[in-house]
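Accompanying notes for the structure given below.
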Amino acid sequence: MTVQGETVQGDAPAATDGVVITDTAASKVKSLLEQEGRDDLRLRIAVQPGGCSGLRYQLFFDERNLDGDAVRDFGGVAVVTDRMSQPYLAGATIDFVDTIEKQGFTIDNPNAGGSCACGDSFH
């Protein structure tokens, strides 16, 4: 995994153990960004209320800069986490899997106490 630096916009301090994405996931994000044809987008990872366990992950491309955003660079891929999501995602690892059984981004989060049966939300 490559961690080049972390910056914070606004007054909030950077999370000491922020979210990390693997080289495989960063490569997939780069590929998706190239398909979009835009160089102003970053991968935003957020936690929102919802799902049967109470909290749900959101991963999407975003061009916004919100007050308190933590921005980390992983091999040229900017990953953004908002101030409210940072404590829930501290130490989480984002990976990308492409197997016969499963394809997509996975999140290994040490802060999740449990998840629902479908794996779509956590608490």
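Ordered as shown in the structure tokens, chains take letters A, B, and onward, while each chain numbers its residues from 1 and ligands are numbered from 1 in the order shown.
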Quick one: residues within 8 Å of Gln58 in chain A, only C-alpha atoms, excluding same-chain residues fewer than 2 positions away - as number ranges by chain?
A: 44-48, 56, 60
Just C-alpha atoms for this one: save the residues we selected as a compact mmCIF listing (two decimals), in the first residue's frame.
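Listing of selection-v3.txt after writing:
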# COMPACT_ATOMS: atom_id res chain seq x y z
CA ARG A 44 -15.21 10.25 -1.41
CA ILE A 45 -15.79 7.66 1.30
CA ALA A 46 -18.54 8.45 3.78
CA VAL A 47 -20.67 6.84 6.46
CA GLN A 48 -24.37 7.70 6.50
CA ARG A 56 -24.09 2.49 5.58
CA PHE A 60 -18.58 7.94 -4.96
Go through A:Ala90, A:Ser31, A:Val71, A:Tyr57 one by one, measure the shortest atom-to-atom distance of each to Ile107 in chain A using only C-alpha atoms, and give the residue with the smallest value.
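Nearest to Ile107 in chain A: A:Tyr57.
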For Pro110 in chain A, find every residue with an atom within 9 Å (counting only C-alpha atoms), except residues of its own chain fewer than 4 positions away, and show them as an mmCIF file with N, CA and C atoms, in the first residue's frame.
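As written to disk, selection14.cif reads:
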data_model
loop_
_atom_site.group_PDB
_atom_site.id
_atom_site.type_symbol
_atom_site.label_atom_id
_atom_site.label_comp_id
_atom_site.auth_asym_id
_atom_site.auth_seq_id
_atom_site.Cartn_x
_atom_site.Cartn_y
_atom_site.Cartn_z
ATOM 1 N N LEU A 89 -14.310 5.564 10.159
ATOM 2 C CA LEU A 89 -13.476 4.946 9.128
ATOM 3 C C LEU A 89 -11.999 4.867 9.502
ATOM 4 N N ALA A 90 -11.633 5.358 10.677
ATOM 5 C CA ALA A 90 -10.227 5.335 11.094
ATOM 6 C C ALA A 90 -9.725 3.892 11.137
ATOM 7 N N GLY A 91 -8.685 3.618 10.365
ATOM 8 C CA GLY A 91 -8.100 2.280 10.324
ATOM 9 C C GLY A 91 -8.747 1.337 9.322
ATOM 10 N N ALA A 92 -9.784 1.788 8.617
ATOM 11 C CA ALA A 92 -10.464 0.941 7.631
ATOM 12 C C ALA A 92 -9.611 0.795 6.375
ATOM 13 N N THR A 93 -9.708 -0.361 5.738
ATOM 14 C CA THR A 93 -8.983 -0.634 4.505
ATOM 15 C C THR A 93 -9.977 -0.927 3.391
#
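Counting only C-alpha atoms and comparing A:Gly76, A:Gly18, A:Gly68, A:Gly54, the residue that lies closest to Ala112 in chain A is A:Gly54.
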If we count only C-alpha atoms and set the cut-off at 12 Å, which residues sit around Phe96 in chain A, ignoring sequence neighbours fewer than 3 positions away in its own chain? Please answer as a short mmCIF file (atom, residue, chain, number, x, y, z; two decimals) with all heavy atoms, in the first residue's frame.
data_model
loop_
_atom_site.label_atom_id
_atom_site.label_comp_id
_atom_site.auth_asym_id
_atom_site.auth_seq_id
_atom_site.Cartn_x
_atom_site.Cartn_y
_atom_site.Cartn_z
N ILE A 21 -6.48 2.75 1.16
CA ILE A 21 -6.92 1.91 0.05
C ILE A 21 -5.72 1.13 -0.47
O ILE A 21 -4.60 1.64 -0.50
CB ILE A 21 -7.64 2.68 -1.07
CG1 ILE A 21 -6.72 3.64 -1.80
CG2 ILE A 21 -8.82 3.44 -0.53
CD1 ILE A 21 -7.36 4.23 -3.04
N THR A 22 -5.96 -0.10 -0.84
CA THR A 22 -4.88 -0.96 -1.35
C THR A 22 -4.47 -0.50 -2.74
O THR A 22 -5.19 0.25 -3.41
CB THR A 22 -5.33 -2.43 -1.41
OG1 THR A 22 -6.39 -2.54 -2.38
CG2 THR A 22 -5.79 -2.94 -0.06
N ASP A 23 -3.33 -0.99 -3.18
CA ASP A 23 -2.86 -0.67 -4.53
C ASP A 23 -3.85 -1.16 -5.58
O ASP A 23 -4.07 -0.49 -6.59
CB ASP A 23 -1.48 -1.28 -4.78
CG ASP A 23 -0.39 -0.62 -3.94
OD1 ASP A 23 -0.60 0.51 -3.48
OD2 ASP A 23 0.67 -1.26 -3.74
N THR A 24 -4.46 -2.33 -5.35
CA THR A 24 -5.45 -2.87 -6.29
C THR A 24 -6.65 -1.95 -6.39
O THR A 24 -7.14 -1.65 -7.48
CB THR A 24 -5.90 -4.28 -5.84
OG1 THR A 24 -4.75 -5.11 -5.72
CG2 THR A 24 -6.88 -4.88 -6.81
N ALA A 25 -7.15 -1.48 -5.24
CA ALA A 25 -8.30 -0.58 -5.24
C ALA A 25 -7.93 0.76 -5.89
O ALA A 25 -8.72 1.32 -6.66
CB ALA A 25 -8.80 -0.37 -3.82
N ALA A 26 -6.75 1.28 -5.59
CA ALA A 26 -6.32 2.55 -6.19
C ALA A 26 -6.23 2.43 -7.71
O ALA A 26 -6.64 3.34 -8.43
CB ALA A 26 -4.98 2.98 -5.60
N SER A 27 -5.73 1.30 -8.18
CA SER A 27 -5.65 1.07 -9.62
C SER A 27 -7.03 1.04 -10.26
O SER A 27 -7.25 1.61 -11.34
CB SER A 27 -4.91 -0.25 -9.87
OG SER A 27 -4.86 -0.55 -11.23
N LYS A 28 -8.00 0.40 -9.60
CA LYS A 28 -9.37 0.35 -10.12
C LYS A 28 -9.99 1.74 -10.13
O LYS A 28 -10.67 2.12 -11.09
CB LYS A 28 -10.22 -0.62 -9.28
CG LYS A 28 -11.62 -0.78 -9.78
CD LYS A 28 -11.66 -1.37 -11.18
CE LYS A 28 -13.07 -1.62 -11.65
NZ LYS A 28 -13.12 -2.22 -12.99
N VAL A 29 -9.77 2.51 -9.08
CA VAL A 29 -10.29 3.88 -9.02
C VAL A 29 -9.69 4.71 -10.16
O VAL A 29 -10.41 5.45 -10.84
CB VAL A 29 -10.00 4.53 -7.65
CG1 VAL A 29 -10.33 6.02 -7.67
CG2 VAL A 29 -10.79 3.83 -6.56
N THR A 93 -9.71 -0.36 5.74
CA THR A 93 -8.98 -0.63 4.51
C THR A 93 -9.98 -0.93 3.39
O THR A 93 -10.85 -1.78 3.54
CB THR A 93 -8.04 -1.85 4.67
OG1 THR A 93 -7.12 -1.57 5.72
CG2 THR A 93 -7.28 -2.13 3.39
N THR A 99 -13.40 -11.70 -8.43
CA THR A 99 -13.38 -13.15 -8.49
C THR A 99 -14.70 -13.64 -9.07
O THR A 99 -15.61 -12.85 -9.31
CB THR A 99 -13.19 -13.78 -7.09
OG1 THR A 99 -14.34 -13.47 -6.29
CG2 THR A 99 -11.93 -13.27 -6.41
N LYS A 102 -17.35 -12.82 -6.34
CA LYS A 102 -17.59 -11.44 -5.92
C LYS A 102 -16.77 -10.47 -6.75
O LYS A 102 -15.62 -10.75 -7.07
CB LYS A 102 -17.23 -11.31 -4.44
CG LYS A 102 -17.59 -10.01 -3.82
CD LYS A 102 -17.27 -10.06 -2.32
CE LYS A 102 -17.85 -8.85 -1.64
NZ LYS A 102 -17.66 -8.88 -0.20
N GLN A 103 -17.38 -9.34 -7.07
CA GLN A 103 -16.64 -8.27 -7.73
C GLN A 103 -17.08 -6.95 -7.12
O GLN A 103 -18.28 -6.69 -6.97
CB GLN A 103 -16.89 -8.23 -9.23
CG GLN A 103 -16.11 -7.10 -9.88
CD GLN A 103 -16.38 -6.98 -11.37
OE1 GLN A 103 -17.45 -7.30 -11.83
NE2 GLN A 103 -15.41 -6.50 -12.10
N GLY A 104 -16.11 -6.13 -6.76
CA GLY A 104 -16.43 -4.81 -6.23
C GLY A 104 -15.49 -4.41 -5.11
O GLY A 104 -14.55 -5.13 -4.76
N PHE A 105 -15.75 -3.22 -4.57
CA PHE A 105 -14.95 -2.69 -3.48
C PHE A 105 -15.40 -3.33 -2.17
O PHE A 105 -16.59 -3.54 -1.95
CB PHE A 105 -15.08 -1.17 -3.41
CG PHE A 105 -14.41 -0.48 -4.55
CD1 PHE A 105 -15.14 -0.09 -5.66
CD2 PHE A 105 -13.05 -0.22 -4.52
CE1 PHE A 105 -14.52 0.54 -6.73
CE2 PHE A 105 -12.42 0.41 -5.58
CZ PHE A 105 -13.16 0.79 -6.69
N THR A 106 -14.43 -3.67 -1.33
CA THR A 106 -14.72 -4.22 -0.01
C THR A 106 -14.12 -3.28 1.04
O THR A 106 -13.12 -2.61 0.77
CB THR A 106 -14.14 -5.63 0.17
OG1 THR A 106 -12.72 -5.56 0.05
CG2 THR A 106 -14.71 -6.60 -0.84
N ILE A 107 -14.73 -3.26 2.21
CA ILE A 107 -14.25 -2.42 3.30
C ILE A 107 -14.03 -3.29 4.52
O ILE A 107 -14.95 -3.94 5.01
CB ILE A 107 -15.25 -1.29 3.60
CG1 ILE A 107 -15.46 -0.42 2.37
CG2 ILE A 107 -14.76 -0.45 4.79
CD1 ILE A 107 -16.52 0.64 2.50
N ASP A 108 -12.80 -3.33 4.99
CA ASP A 108 -12.46 -4.02 6.23
C ASP A 108 -12.32 -2.93 7.28
O ASP A 108 -11.36 -2.18 7.28
CB ASP A 108 -11.16 -4.80 6.06
CG ASP A 108 -10.75 -5.53 7.33
OD1 ASP A 108 -11.61 -5.74 8.22
OD2 ASP A 108 -9.57 -5.89 7.44
#
Backbone DSSP call of helix (DSSP H, G or I) for range 24-89 of chain A, listed as a ChimeraX atom specification
/A:24-36,86-89
Which value, in Å to one decimal, gives the distance between CA of Gly50 in chain A and CA of Val77 in chain A?
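Separation of CA of Gly50 in chain A and CA of Val77 in chain A: 27.5 Å.
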Atom pair CA of Met84 in chain A / CA of Glu34 in chain A: separation (Å)
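Between these atoms lies a distance of 29.0 Å.
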